[in-house]
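Student: Here you go, my_file23.txt (compact mmCIF, C-alpha atoms):
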```txt
# COMPACT_ATOMS: atom_id res chain seq x y z
CA MET A 1467 0.00 0.00 0.00
CA THR A 1468 1.36 3.44 -0.88
CA PRO A 1469 -0.04 6.96 -0.39
CA GLU A 1470 0.57 7.76 -4.08
CA ARG A 1471 -3.08 8.01 -5.07
CA ILE A 1472 -3.86 10.34 -2.16
CA VAL A 1473 -0.81 12.53 -2.83
CA LEU A 1474 -1.75 12.79 -6.52
CA MET A 1475 -5.27 13.82 -5.53
CA ALA A 1476 -3.99 16.53 -3.21
CA ARG A 1477 -1.68 17.82 -5.96
CA GLY A 1478 -4.51 17.91 -8.48
CA LEU A 1479 -5.37 21.46 -7.52
CA SER A 1480 -1.87 22.68 -8.44
CA ALA A 1481 -2.06 20.94 -11.81
CA ALA A 1482 -5.48 22.42 -12.53
CA ALA A 1483 -4.37 25.91 -11.49
CA THR A 1484 -1.29 25.66 -13.72
CA LEU A 1485 -3.35 24.48 -16.70
CA LEU A 1486 -5.96 27.23 -16.25
CA ALA A 1487 -3.30 29.93 -15.91
CA ALA A 1488 -1.63 28.73 -19.11
CA LEU A 1489 -5.00 28.85 -20.88
CA GLU A 1490 -5.68 32.32 -19.56
CA ILE A 1491 -2.44 33.77 -20.86
CA GLU A 1492 -3.08 31.99 -24.22
CA LEU A 1493 0.18 30.06 -24.02
CA PHE A 1494 -1.13 27.11 -26.05
CA THR A 1495 -2.49 29.43 -28.75
CA GLU A 1496 0.86 31.18 -29.02
CA LEU A 1497 2.65 27.81 -29.27
CA GLY A 1498 0.10 26.74 -31.87
CA LYS A 1499 1.78 29.18 -34.26
CA GLY A 1500 5.09 27.36 -33.83
CA PRO A 1501 7.72 26.40 -31.26
CA ARG A 1502 8.92 29.38 -29.24
CA SER A 1503 12.08 30.16 -27.33
CA TYR A 1504 11.91 31.22 -23.72
CA ARG A 1505 12.78 34.79 -24.72
CA GLN A 1506 10.08 34.87 -27.39
CA LEU A 1507 7.43 33.62 -24.96
CA ARG A 1508 8.41 36.13 -22.32
CA ARG A 1509 8.15 38.91 -24.85
CA SER A 1510 4.95 37.87 -26.65
CA LEU A 1511 3.01 36.88 -23.51
CA GLY A 1512 4.52 39.52 -21.23
CA LEU A 1513 5.79 36.99 -18.69
CA ARG A 1514 7.90 37.95 -15.71
CA GLU A 1515 11.10 36.33 -14.52
CA PRO A 1516 11.80 34.19 -12.54
CA ALA A 1517 8.21 32.90 -12.31
CA ALA A 1518 8.00 32.31 -16.07
CA ALA A 1519 10.73 29.69 -16.17
CA ASP A 1520 9.27 27.72 -13.23
CA PHE A 1521 5.79 27.99 -14.68
CA LEU A 1522 6.90 26.65 -18.09
CA ASP A 1523 8.85 23.84 -16.42
CA ALA A 1524 5.74 22.88 -14.44
CA LEU A 1525 3.80 22.64 -17.69
CA VAL A 1526 6.55 20.45 -19.16
CA ALA A 1527 6.33 18.18 -16.07
CA LEU A 1528 2.57 17.94 -16.61
CA TYR A 1529 3.16 16.90 -20.26
CA LEU A 1530 1.12 19.87 -21.43
CA ILE A 1531 4.03 21.30 -23.41
CA GLY A 1532 7.36 19.91 -24.56
CA ARG A 1533 10.82 21.45 -24.21
CA GLU A 1534 13.90 21.14 -26.40
CA GLY A 1535 17.13 22.25 -24.73
CA SER A 1536 17.39 23.92 -21.36
CA ALA A 1537 17.79 27.24 -19.55
CA ALA A 1538 17.90 30.33 -21.78
CA ASP A 1539 18.26 28.19 -24.92
CA ALA A 1540 15.05 26.24 -24.24
CA ILE A 1541 12.47 25.93 -27.00
CA TYR A 1542 8.88 25.16 -25.99
CA ILE A 1543 6.29 23.40 -28.11
CA ASN A 1544 2.70 22.23 -27.71
CA THR A 1545 2.20 18.52 -27.25
CA ARG A 1546 -0.10 17.01 -29.87
CA GLU A 1547 -2.86 16.85 -27.25
CA SER A 1548 -2.47 20.49 -26.21
CA GLY A 1549 -2.29 21.61 -29.83
CA GLN A 1550 -5.51 19.78 -30.54
CA PHE A 1551 -7.59 20.86 -27.53
CA LEU A 1552 -6.01 23.95 -25.95
CA ASP A 1553 -5.05 26.11 -28.93
CA ARG A 1554 -7.85 28.61 -29.53
CA ASN A 1555 -7.38 28.27 -33.29
CA SER A 1556 -8.03 24.52 -33.24
CA PRO A 1557 -11.56 23.39 -34.15
CA ALA A 1558 -11.39 20.99 -31.17
CA TYR A 1559 -10.59 23.78 -28.63
CA ILE A 1560 -12.12 23.07 -25.21
CA GLY A 1561 -10.68 26.06 -23.35
CA GLU A 1562 -14.05 27.83 -23.11
CA GLN A 1563 -15.65 24.86 -21.34
CA LEU A 1564 -12.70 24.58 -18.94
CA HIS A 1565 -12.91 28.29 -18.08
CA ALA A 1566 -16.67 28.12 -17.63
CA ALA A 1567 -16.43 25.10 -15.32
CA ASN A 1568 -13.71 26.81 -13.31
CA ALA A 1569 -15.67 30.06 -13.00
CA ARG A 1570 -18.66 28.12 -11.72
CA PHE A 1571 -16.95 25.75 -9.29
CA ALA A 1572 -13.86 27.63 -8.03
CA PRO A 1573 -15.88 29.70 -5.50
CA VAL A 1574 -17.58 26.50 -4.31
CA TRP A 1575 -14.26 24.75 -3.61
CA LYS A 1576 -13.00 27.79 -1.69
CA THR A 1577 -15.99 27.74 0.67
CA LEU A 1578 -16.50 23.98 0.85
CA THR A 1579 -14.94 23.50 4.31
CA ALA A 1580 -16.82 26.46 5.78
CA ALA A 1581 -20.06 25.21 4.26
CA LEU A 1582 -19.55 21.81 5.87
CA ARG A 1583 -18.75 23.13 9.34
CA ALA A 1584 -21.56 23.96 11.75
CA GLN A 1585 -21.79 27.64 12.65
CA PRO A 1586 -20.40 28.44 16.13
CA GLY A 1587 -23.16 28.31 18.70
CA THR A 1588 -25.40 26.03 16.68
CA THR A 1589 -25.93 22.34 17.21
CA PRO A 1590 -25.17 20.01 14.36
CA PRO A 1591 -28.24 18.03 13.31
CA ALA A 1592 -28.51 14.63 15.00
CA MET B 897 28.52 -3.32 -13.70
CA SER B 898 26.03 -2.80 -10.89
CA SER B 899 28.05 0.05 -9.27
CA ARG B 900 28.29 1.95 -12.56
CA VAL B 901 25.63 4.46 -13.60
CA PRO B 902 24.58 3.71 -17.20
CA ARG B 903 24.46 6.59 -19.67
CA MET B 904 22.24 4.99 -22.28
CA ARG B 905 21.26 6.74 -25.46
CA TYR B 906 20.09 5.70 -28.91
CA ARG B 907 21.04 6.90 -32.37
CA PRO B 908 21.19 5.78 -36.02
CA VAL B 909 23.85 3.24 -36.97
CA MET B 910 26.89 4.68 -38.77
CA ARG B 911 29.48 2.85 -40.85
CA GLY B 912 31.97 3.01 -37.98
CA ASP B 913 29.55 1.09 -35.74
CA LEU B 914 29.08 -1.88 -38.04
CA ALA B 915 31.91 -4.10 -36.72
CA GLU B 916 30.64 -3.72 -33.15
CA CYS B 917 27.04 -4.27 -34.30
CA PHE B 918 27.96 -7.52 -36.05
CA GLU B 919 29.10 -8.88 -32.67
CA LEU B 920 25.42 -8.71 -31.72
CA LEU B 921 24.16 -10.50 -34.81
CA PRO B 922 21.84 -13.12 -33.32
CA PRO B 923 22.68 -16.82 -33.90
CA TRP B 924 19.06 -17.74 -34.68
CA LEU B 925 19.36 -15.83 -37.99
CA GLY B 926 21.45 -18.77 -39.22
CA LEU B 927 22.92 -16.94 -42.22
CA ASP B 928 24.53 -19.21 -44.81
CA GLN B 929 28.30 -18.85 -45.17
CA ALA B 930 28.14 -16.80 -48.37
CA THR B 931 25.72 -14.28 -46.86
CA ALA B 932 27.66 -14.09 -43.59
CA ARG B 933 30.88 -13.37 -45.53
CA ALA B 934 29.16 -10.75 -47.68
CA LEU B 935 27.44 -9.03 -44.76
CA PRO B 936 30.12 -6.36 -44.04
CA SER B 937 30.24 -5.17 -47.66
CA MET B 938 26.45 -5.40 -47.97
CA TRP B 939 25.98 -3.23 -44.90
CA GLU B 940 28.42 -0.62 -46.22
CA ARG B 941 25.67 0.06 -48.80
CA LEU B 942 22.61 -0.73 -46.71
CA VAL B 943 23.47 1.71 -43.94
CA ASP B 944 22.50 4.64 -46.20
CA GLU B 945 19.41 3.05 -47.73
CA PRO B 946 16.17 4.84 -46.79
CA SER B 947 14.39 1.48 -46.52
CA MET B 948 16.80 0.22 -43.85
CA VAL B 949 15.69 1.60 -40.49
CA THR B 950 18.51 0.77 -38.14
CA GLY B 951 19.36 2.09 -34.71
CA LEU B 952 21.54 1.19 -31.78
CA MET B 953 21.51 1.65 -28.04
CA GLU B 954 24.84 2.56 -26.51
CA ASP B 955 26.06 3.09 -22.98
CA LEU B 956 28.39 6.09 -22.96
CA ALA B 957 29.66 5.09 -19.54
CA LEU B 958 31.50 2.17 -21.15
CA PRO B 959 34.79 2.37 -23.08
CA PRO B 960 34.61 2.81 -26.88
CA GLY B 961 34.28 -0.53 -28.62
CA GLN B 962 32.11 -1.95 -25.82
CA ARG B 963 29.35 0.62 -25.76
CA ILE B 964 26.75 -0.84 -28.11
CA GLN B 965 24.24 -2.77 -26.01
CA GLY B 966 21.52 -3.30 -28.58
CA TRP B 967 21.04 -3.22 -32.34
CA GLY B 968 17.84 -3.33 -34.33
CA VAL B 969 17.24 -3.59 -38.07
CA THR B 970 13.89 -2.97 -39.74
CA MET B 971 13.36 -3.04 -43.48
CA ILE B 972 10.57 -1.41 -45.45
CA LEU B 973 9.51 -4.12 -47.87
CA PRO B 974 8.11 -3.78 -51.39
CA GLN B 975 4.58 -5.18 -51.74
CA PRO B 976 5.55 -7.91 -54.25
CA LEU B 977 8.03 -9.28 -51.70
CA VAL B 978 5.45 -9.12 -48.90
CA GLN B 979 3.16 -11.23 -51.09
CA ALA B 980 5.89 -13.61 -52.22
CA LEU B 981 6.91 -14.27 -48.61
CA HIS B 982 3.23 -14.66 -47.52
CA LEU B 983 3.89 -12.30 -44.62
CA ASP B 984 0.21 -11.45 -44.29
CA HIS B 985 -0.62 -15.14 -43.85
CA GLN B 986 1.80 -17.88 -42.80
CA PRO B 987 5.34 -17.46 -44.16
CA HIS B 988 8.03 -20.10 -44.07
CA SER B 989 10.35 -19.65 -41.09
CA PHE B 990 13.65 -17.75 -41.28
CA VAL B 991 12.18 -14.83 -43.24
CA SER B 992 15.06 -12.51 -42.28
CA ARG B 993 17.66 -15.02 -43.47
CA ARG B 994 15.94 -15.23 -46.86
CA ILE B 995 15.72 -11.44 -47.13
CA TYR B 996 19.46 -11.12 -46.46
CA ALA B 997 20.15 -13.84 -49.05
CA ALA B 998 17.98 -12.01 -51.61
CA LEU B 999 19.84 -8.76 -50.91
CA ARG B 1000 23.16 -10.54 -51.43
CA GLU B 1001 22.04 -12.18 -54.66
CA GLY B 1002 20.62 -8.89 -55.93
CA SER B 1003 17.13 -10.32 -56.44
CA LEU B 1004 15.86 -7.82 -53.85
CA GLN B 1005 16.55 -4.14 -54.38
CA PRO B 1006 15.92 -1.84 -51.40
CA MET B 1007 13.06 0.57 -52.03
CA SER B 1008 13.96 4.11 -53.06
CA ASP B 1009 12.93 7.17 -51.07
CA ARG B 1010 10.30 7.95 -53.71
CA ASP B 1011 8.84 4.42 -53.70
CA ILE B 1012 8.65 4.48 -49.90
CA GLY B 1013 7.00 7.91 -50.12
CA ILE B 1014 4.34 6.63 -52.50
CA GLU B 1015 3.54 3.60 -50.32
CA ASN B 1016 3.56 5.82 -47.24
CA ALA B 1017 1.11 8.33 -48.72
CA ARG B 1018 -1.15 5.48 -49.84
CA GLY B 1019 -1.05 3.83 -46.42
CA THR B 1020 0.24 0.56 -47.85
CA LEU B 1021 3.64 0.53 -46.18
CA THR B 1022 4.87 -2.76 -44.71
CA MET B 1023 7.82 -3.02 -42.34
CA MET B 1024 9.64 -6.08 -41.12
CA ILE B 1025 11.96 -6.11 -38.13
CA LEU B 1026 14.68 -8.39 -39.45
CA HIS B 1027 16.41 -8.72 -36.11
CA PHE B 1028 16.86 -7.01 -32.79
CA SER B 1029 19.50 -8.13 -30.34
CA GLN B 1030 20.97 -7.13 -27.02
CA ARG B 1031 24.22 -8.10 -25.38
CA ASP B 1032 22.35 -9.50 -22.42
CA HIS B 1033 18.81 -10.91 -22.28
CA ASP B 1034 18.65 -11.77 -18.58
CA ILE B 1035 15.70 -9.68 -17.42
CA SER B 1036 16.52 -10.36 -13.79
CA ASN B 1037 19.46 -7.96 -14.32
CA PRO B 1038 18.35 -4.33 -13.74
CA TYR B 1039 20.87 -3.15 -16.33
CA VAL B 1040 18.97 -5.14 -18.96
CA HIS B 1041 15.83 -3.21 -18.00
CA THR B 1042 17.70 0.01 -18.86
CA VAL B 1043 18.60 -1.43 -22.26
CA ILE B 1044 15.01 -2.57 -22.92
CA ALA B 1045 13.66 0.86 -21.91
CA ALA B 1046 16.12 2.46 -24.35
CA ALA B 1047 15.05 -0.09 -26.97
CA ASN B 1048 11.43 0.99 -26.58
CA ASP B 1049 12.42 4.65 -26.99
CA THR B 1050 14.50 3.68 -30.02
CA PHE B 1051 11.58 1.80 -31.53
CA ARG B 1052 9.33 4.85 -31.18
CA ALA B 1053 11.91 7.26 -32.60
CA PHE B 1054 12.62 5.06 -35.62
CA HIS B 1055 9.14 3.68 -36.41
CA ASP B 1056 6.61 6.38 -35.42
CA GLY B 1057 5.36 8.75 -38.10
CA TYR B 1058 5.00 6.22 -40.93
CA ASN B 1059 1.59 5.50 -42.40
CA LEU B 1060 1.90 1.77 -41.73
CA ARG B 1061 -0.28 -1.01 -43.07
CA ALA B 1062 1.55 -3.75 -41.19
CA ILE B 1063 4.70 -4.41 -39.21
CA TYR B 1064 6.16 -7.89 -38.83
CA TYR B 1065 8.88 -9.04 -36.47
CA GLU B 1066 11.04 -12.13 -36.55
CA CYS B 1067 12.98 -12.81 -33.39
CA VAL B 1068 14.32 -15.63 -31.29
CA ALA B 1069 11.60 -17.62 -29.56
CA MET B 1070 13.08 -16.92 -26.11
CA ASN B 1071 12.41 -13.19 -26.69
CA ASP B 1072 8.64 -13.85 -26.53
CA LEU B 1073 8.09 -11.87 -23.35
CA VAL B 1074 9.60 -8.68 -24.76
CA ALA B 1075 7.81 -9.05 -28.12
CA ALA B 1076 4.44 -9.54 -26.44
CA SER B 1077 4.92 -6.66 -24.00
CA SER B 1078 5.93 -4.42 -26.91
CA GLY B 1079 2.46 -4.99 -28.37
CA PHE B 1080 3.18 -7.52 -31.13
CA GLU B 1081 0.84 -10.45 -31.67
CA PRO B 1082 2.14 -13.99 -32.19
CA ARG B 1083 1.75 -15.41 -35.68
CA ARG B 1084 2.48 -18.86 -37.06
CA TYR B 1085 4.87 -20.05 -39.70
CA VAL B 1086 3.57 -22.54 -42.21
CA ASP B 1087 6.33 -24.89 -40.99
CA GLN B 1088 5.86 -24.00 -37.30
CA ASP B 1089 5.76 -27.61 -36.06
CA GLU B 1090 9.12 -28.41 -37.62
CA LEU B 1091 10.85 -25.76 -35.49
CA ALA B 1092 10.19 -27.56 -32.22
CA ALA B 1093 13.41 -29.56 -32.62
CA LEU B 1094 15.56 -26.41 -32.56
CA SER B 1095 17.06 -25.12 -29.31
CA PRO B 1096 15.38 -21.98 -27.87
CA GLU B 1097 18.43 -19.88 -28.87
CA ARG B 1098 18.09 -20.93 -32.52
CA ARG B 1099 14.33 -21.16 -32.90
CA PRO B 1100 12.78 -18.15 -34.65
CA ALA B 1101 9.37 -16.76 -33.81
CA PHE B 1102 7.12 -14.64 -36.00
CA TRP B 1103 5.15 -11.71 -34.66
CA GLY B 1104 3.19 -8.92 -36.26
CA LEU B 1105 0.54 -6.27 -36.09
CA THR B 1106 -1.64 -4.87 -38.84
CA ARG B 1107 -3.47 -1.54 -38.93
CA GLU B 1108 -6.81 -3.35 -38.68
CA ARG B 1109 -5.72 -5.23 -35.56
CA ALA B 1110 -4.05 -2.16 -34.05
CA ARG B 1111 -7.37 -0.29 -34.28
CA THR B 1112 -8.91 -2.85 -31.94
CA LEU B 1113 -6.19 -2.51 -29.28
CA ILE B 1114 -5.90 0.00 -26.47
CA PRO B 1115 -3.14 2.56 -27.22
CA GLY B 1116 -0.02 2.35 -25.12
CA SER B 1117 2.36 -0.27 -26.45
CA PRO B 1118 5.16 0.75 -28.86
CA ALA B 1119 3.85 -1.51 -31.64
CA ARG B 1120 0.24 -0.33 -31.28
CA ASN B 1121 1.27 3.33 -31.12
CA CYS B 1122 3.31 3.28 -34.31
CA PHE B 1123 0.03 2.98 -36.22
CA GLU B 1124 -1.02 6.47 -35.08
CA HIS B 1125 -0.47 8.67 -38.09
CA GLN B 1126 -0.96 12.20 -39.38
CA PRO B 1127 0.16 13.34 -42.82
CA PRO B 1128 3.22 15.61 -42.89
CA LEU B 1129 2.67 19.34 -43.19
CA PHE B 1130 5.94 20.48 -44.70
CA ARG B 1131 6.87 17.66 -47.12
CA PHE B 1132 10.60 18.23 -46.90
CA SER B 1133 12.86 16.89 -49.64
CA ALA B 1134 14.84 13.67 -49.08
CA SER B 1135 18.07 15.57 -48.32
CA GLN B 1136 16.27 17.97 -45.98
CA ARG B 1137 14.67 15.05 -44.14
CA ARG B 1138 18.02 13.28 -43.81
CA LEU B 1139 19.60 16.41 -42.35
CA LEU B 1140 16.77 16.86 -39.85
CA TRP B 1141 16.83 13.18 -38.84
CA LEU B 1142 20.58 13.18 -38.20
CA ALA B 1143 20.47 16.59 -36.48
CA LEU B 1144 18.03 15.19 -33.91
CA PHE B 1145 20.94 13.17 -32.54
CA ASP B 1146 23.77 15.69 -33.03
CA ASP B 1147 23.27 18.99 -34.84
CA SER B 1148 26.88 20.15 -34.90
CA ASP B 1149 28.19 21.09 -38.34
CA GLU B 1150 31.34 18.97 -37.87
CA ILE B 1151 29.26 15.82 -37.42
CA LEU B 1152 26.66 16.59 -40.08
CA MET B 1153 28.92 17.65 -42.95
CA PRO B 1154 30.69 14.29 -43.46
CA LEU B 1155 27.51 12.29 -42.85
CA LEU B 1156 25.70 14.26 -45.55
CA GLY B 1157 28.72 14.68 -47.80
CA VAL B 1158 28.32 18.46 -48.00
CA SER B 1159 30.52 21.49 -47.36
CA VAL B 1160 29.73 24.09 -44.74
CA HIS B 1161 28.10 26.17 -47.48
CA GLY B 1162 26.09 23.16 -48.63
CA LEU B 1163 24.92 22.58 -45.08
CA LYS B 1164 23.87 26.22 -44.64
CA LYS B 1165 21.99 26.01 -47.91
CA LEU B 1166 20.14 22.91 -46.70
CA TRP B 1167 19.14 24.60 -43.43
CA ARG B 1168 18.05 27.72 -45.32
CA GLY B 1169 15.90 25.57 -47.62
CA ILE B 1170 14.26 24.00 -44.57
CA TYR B 1171 13.50 27.40 -42.99
CA GLU B 1172 12.04 28.68 -46.26
CA ARG B 1173 9.89 25.58 -46.62
CA VAL B 1174 8.60 26.00 -43.06
CA GLU B 1175 7.86 29.73 -43.46
CA ASP B 1176 6.14 29.03 -46.74
CA ARG B 1177 3.71 26.63 -45.05
CA MET B 1178 3.47 28.31 -41.62
CA PRO B 1179 4.42 32.00 -41.87
CA GLU B 1180 4.20 32.51 -38.10
CA PHE B 1181 6.22 29.39 -37.27
CA PHE B 1182 9.40 31.14 -36.16
CA GLY B 1183 7.69 34.10 -34.51
CA GLU B 1184 9.26 37.49 -34.07
CA SER B 1185 12.95 37.59 -33.49
CA ALA B 1186 13.57 37.79 -29.77
CA GLY B 1187 17.29 37.58 -30.25
CA ASP B 1188 18.78 40.59 -28.53
CA GLU B 1189 22.24 39.35 -29.34
CA ALA B 1190 23.59 39.02 -32.85
CA GLY B 1191 24.06 35.49 -34.21
CA LYS B 1192 21.41 33.87 -32.01
CA ARG B 1193 18.61 33.72 -34.57
CA GLY B 1194 20.05 30.94 -36.75
CA PRO B 1195 20.60 28.45 -33.90
CA GLU B 1196 17.22 29.40 -32.45
CA LYS B 1197 15.45 28.63 -35.73
CA ARG B 1198 17.30 25.34 -35.91
CA ARG B 1199 16.14 24.37 -32.43
CA GLN B 1200 12.57 25.40 -33.24
CA VAL B 1201 12.48 23.14 -36.29
CA LEU B 1202 14.15 20.26 -34.43
CA ALA B 1203 11.71 20.58 -31.51
CA TYR B 1204 8.85 20.38 -34.01
CA VAL B 1205 10.06 17.37 -36.00
CA ARG B 1206 11.08 15.48 -32.85
CA GLN B 1207 7.46 15.62 -31.79
CA ARG B 1208 6.03 15.14 -35.29
CA PRO B 1209 8.10 12.35 -36.84
CA GLU B 1210 5.82 12.17 -39.90
CA GLU B 1211 7.76 15.21 -41.16
CA LEU B 1212 10.88 13.00 -41.31
CA ARG B 1213 9.33 10.19 -43.36
CA PRO B 1214 9.16 9.98 -47.17
CA TRP B 1215 5.83 11.13 -48.60
CA ALA B 1216 5.08 11.30 -52.31
CA ILE B 1217 1.85 11.64 -54.19
CA GLY B 1218 1.99 9.97 -57.57
CA SER B 1219 2.78 6.69 -59.18
CA ARG B 1220 5.93 4.76 -59.87
```
Show me, as structure tokens, the structure contained in the file I just sent.

Tutor:
Amino acid sequence: MTPERIVLMARGLSAAATLLAALEIELFTELGKGPRSYRQLRRSLGLREPAAADFLDALVALYLIGREGSAADAIYINTRESGQFLDRNSPAYIGEQLHAANARFAPVWKTLTAALRAQPGTTPPA
Amino acid sequence: MSSRVPRMRYRPVMRGDLAECFELLPPWLGLDQATARALPSMWERLVDEPSMVTGLMEDLALPPGQRIQGWGVTMILPQPLVQALHLDHQPHSFVSRRIYAALREGSLQPMSDRDIGIENARGTLTMMILHFSQRDHDISNPYVHTVIAAANDTFRAFHDGYNLRAIYYECVAMNDLVAASSGFEPRRYVDQDELAALSPERRPAFWGLTRERARTLIPGSPARNCFEHQPPLFRFSASQRRLLWLALFDDSDEILMPLLGVSVHGLKKLWRGIYERVEDRMPEFFGESAGDEAGKRGPEKRRQVLAYVRQRPEELRPWAIGSR
């Protein structure tokens, strides 16, 4: 028995947040035009250092984008899957649905614990 | 060996590797004496043939001359040969031996880049893995796992991107576990029962997978996945494709020039032709120059193209619309 499944579940929020942020800044649409260097992405998407490098590496670790080379020489590219479903110019783009679902449920997740807890001074139902 | 950290990588076979590769030639092939004698001179030619798909796995942590841990040879076969050998049904055993003999005799001519391109565009391409061998097959040894993992990566790099109709695989019977876990399905020889008398090291086994069968299997195995296909976008020329393929493994001019037989100017011209082809098809491909320092744009474009073709191997395979 290992805690792997539980750890993966707990990390799911980070993966989802990373994916949604990448969608929001239109990273996959930019990479849909062609592979881009780190410098090109920083310039075209207006990304700040040092967060940009860590953010792109996280997306590589999630297999949402690929990377050729490393450090300042790195070239980033959409995976086939991302190019198909996350590039706004693709007919199979699902970004709108992902944004809509996030807009609807994100506030619910934030208040879930509070909603479950009984208010101070009240008695939980038997 | 257990205290050493392996540095395994794969790459295409070069002429200078052949002698070391021949050490791995599997005994089950059972080449006749004439073919075995002719093999070195035959391979001097075959190594450059577009229909010979051959890669090796080497451990850079070992001294030169002992590095090659695995060698695989796949041949793209012309349809008349596929039919003559009954590959789609039940062939006679020792298919690879007979293919080598036919190459030696000259009755089999390797397919040209254009012929492969036509079959590829039609979706009628047939491949046959003539042999794959490793120095060590003992899967209880963790080092062998490293070699097999590299072999799977090699298989993907060398076989993905073709518009395959079928892929067949002849190997030694004791390699069954690896063949099955790679996604191949067992097939029978017409003379299968006669092979039982052979020792496991000398008994061949026939495996295969067709596009129709692959469609019924869950994606994941190397053999199943090599049937995923998209047509190429750029349709590079044969020399451009060869440059890109070799540059995936080492893109330094000093390595590429002798392999392609071109001067530094010839090499620059080839790269320029590739960039023009890409910009012609995808004007935004390279994006705006972000190079703040002079001389960075060329290498950046090169890496952009290499990143693209590494992920989309169909761009590296022959593709020709037309007839022979």

Student: Applying 12 Å and all atoms listed in the file, which residues near Gly1183 (chain B) remain after dropping the ones on its own chain fewer than 6 positions away? List them as a list in words.

Tutor: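 Answer for this query is Glu1496, Leu1497, Gly1498, Lys1499, Gly1500, Pro1501, Arg1502, Ser1503, Tyr1504, Arg1505, Gln1506, Leu1507, Arg1509 and Ser1510 of chain A; Val1174, Glu1175, Arg1193, Glu1196, Lys1197 and Gln1200 of chain B.
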
Student: Contacts of Ala1483 (chain A) at 12 Å or less, counting all atoms listed in the file, minus same-chain residues fewer than 5 places along, as a PyMOL selection string?

Tutor: chain A and resi 1477-1478+1488-1490+1521+1524-1525+1528+1564-1565+1568+1572

Student: Could you give me, as CSV, a per-residue list for chain B showing, wherever an atom lies at most 6 Å from an atom of chain A, the closest pair of atoms and their distance in Å to one decimal, using all atoms listed in the file and sorting by chain then residue number from low to high?

Tutor:
```
residue,atom,partner,partner_atom,distance
B:Glu1180,CA,A:Lys1499,CA,5.6
B:Phe1181,CA,A:Gly1500,CA,4.2
B:Ala1186,CA,A:Gln1506,CA,5.1
B:Gln1200,CA,A:Pro1501,CA,5.3
B:Ala1203,CA,A:Glu1534,CA,5.6
```

Student: Do you have the CA of Ser947 (chain B)-CA of Ile1025 (chain B) distance handy?

Tutor: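 Distance reported for this atom pair: 11.6 Å.
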
Student: From (-4.5, 22.3, -27.9), in the file's coordinates, out to 10 Å: which residues are reached, counting all atoms listed in the file? Answer as a ChimeraX atom specification.

Tutor: /A:1489,1493-1495,1497-1498,1530-1531,1544-1561

Student: Can you measure CA of Gly1194 (chain B) to CA of Leu1522 (chain A) for me? One decimal in Å is fine.

Tutor: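 Here the two named atoms are 23.2 Å from each other.
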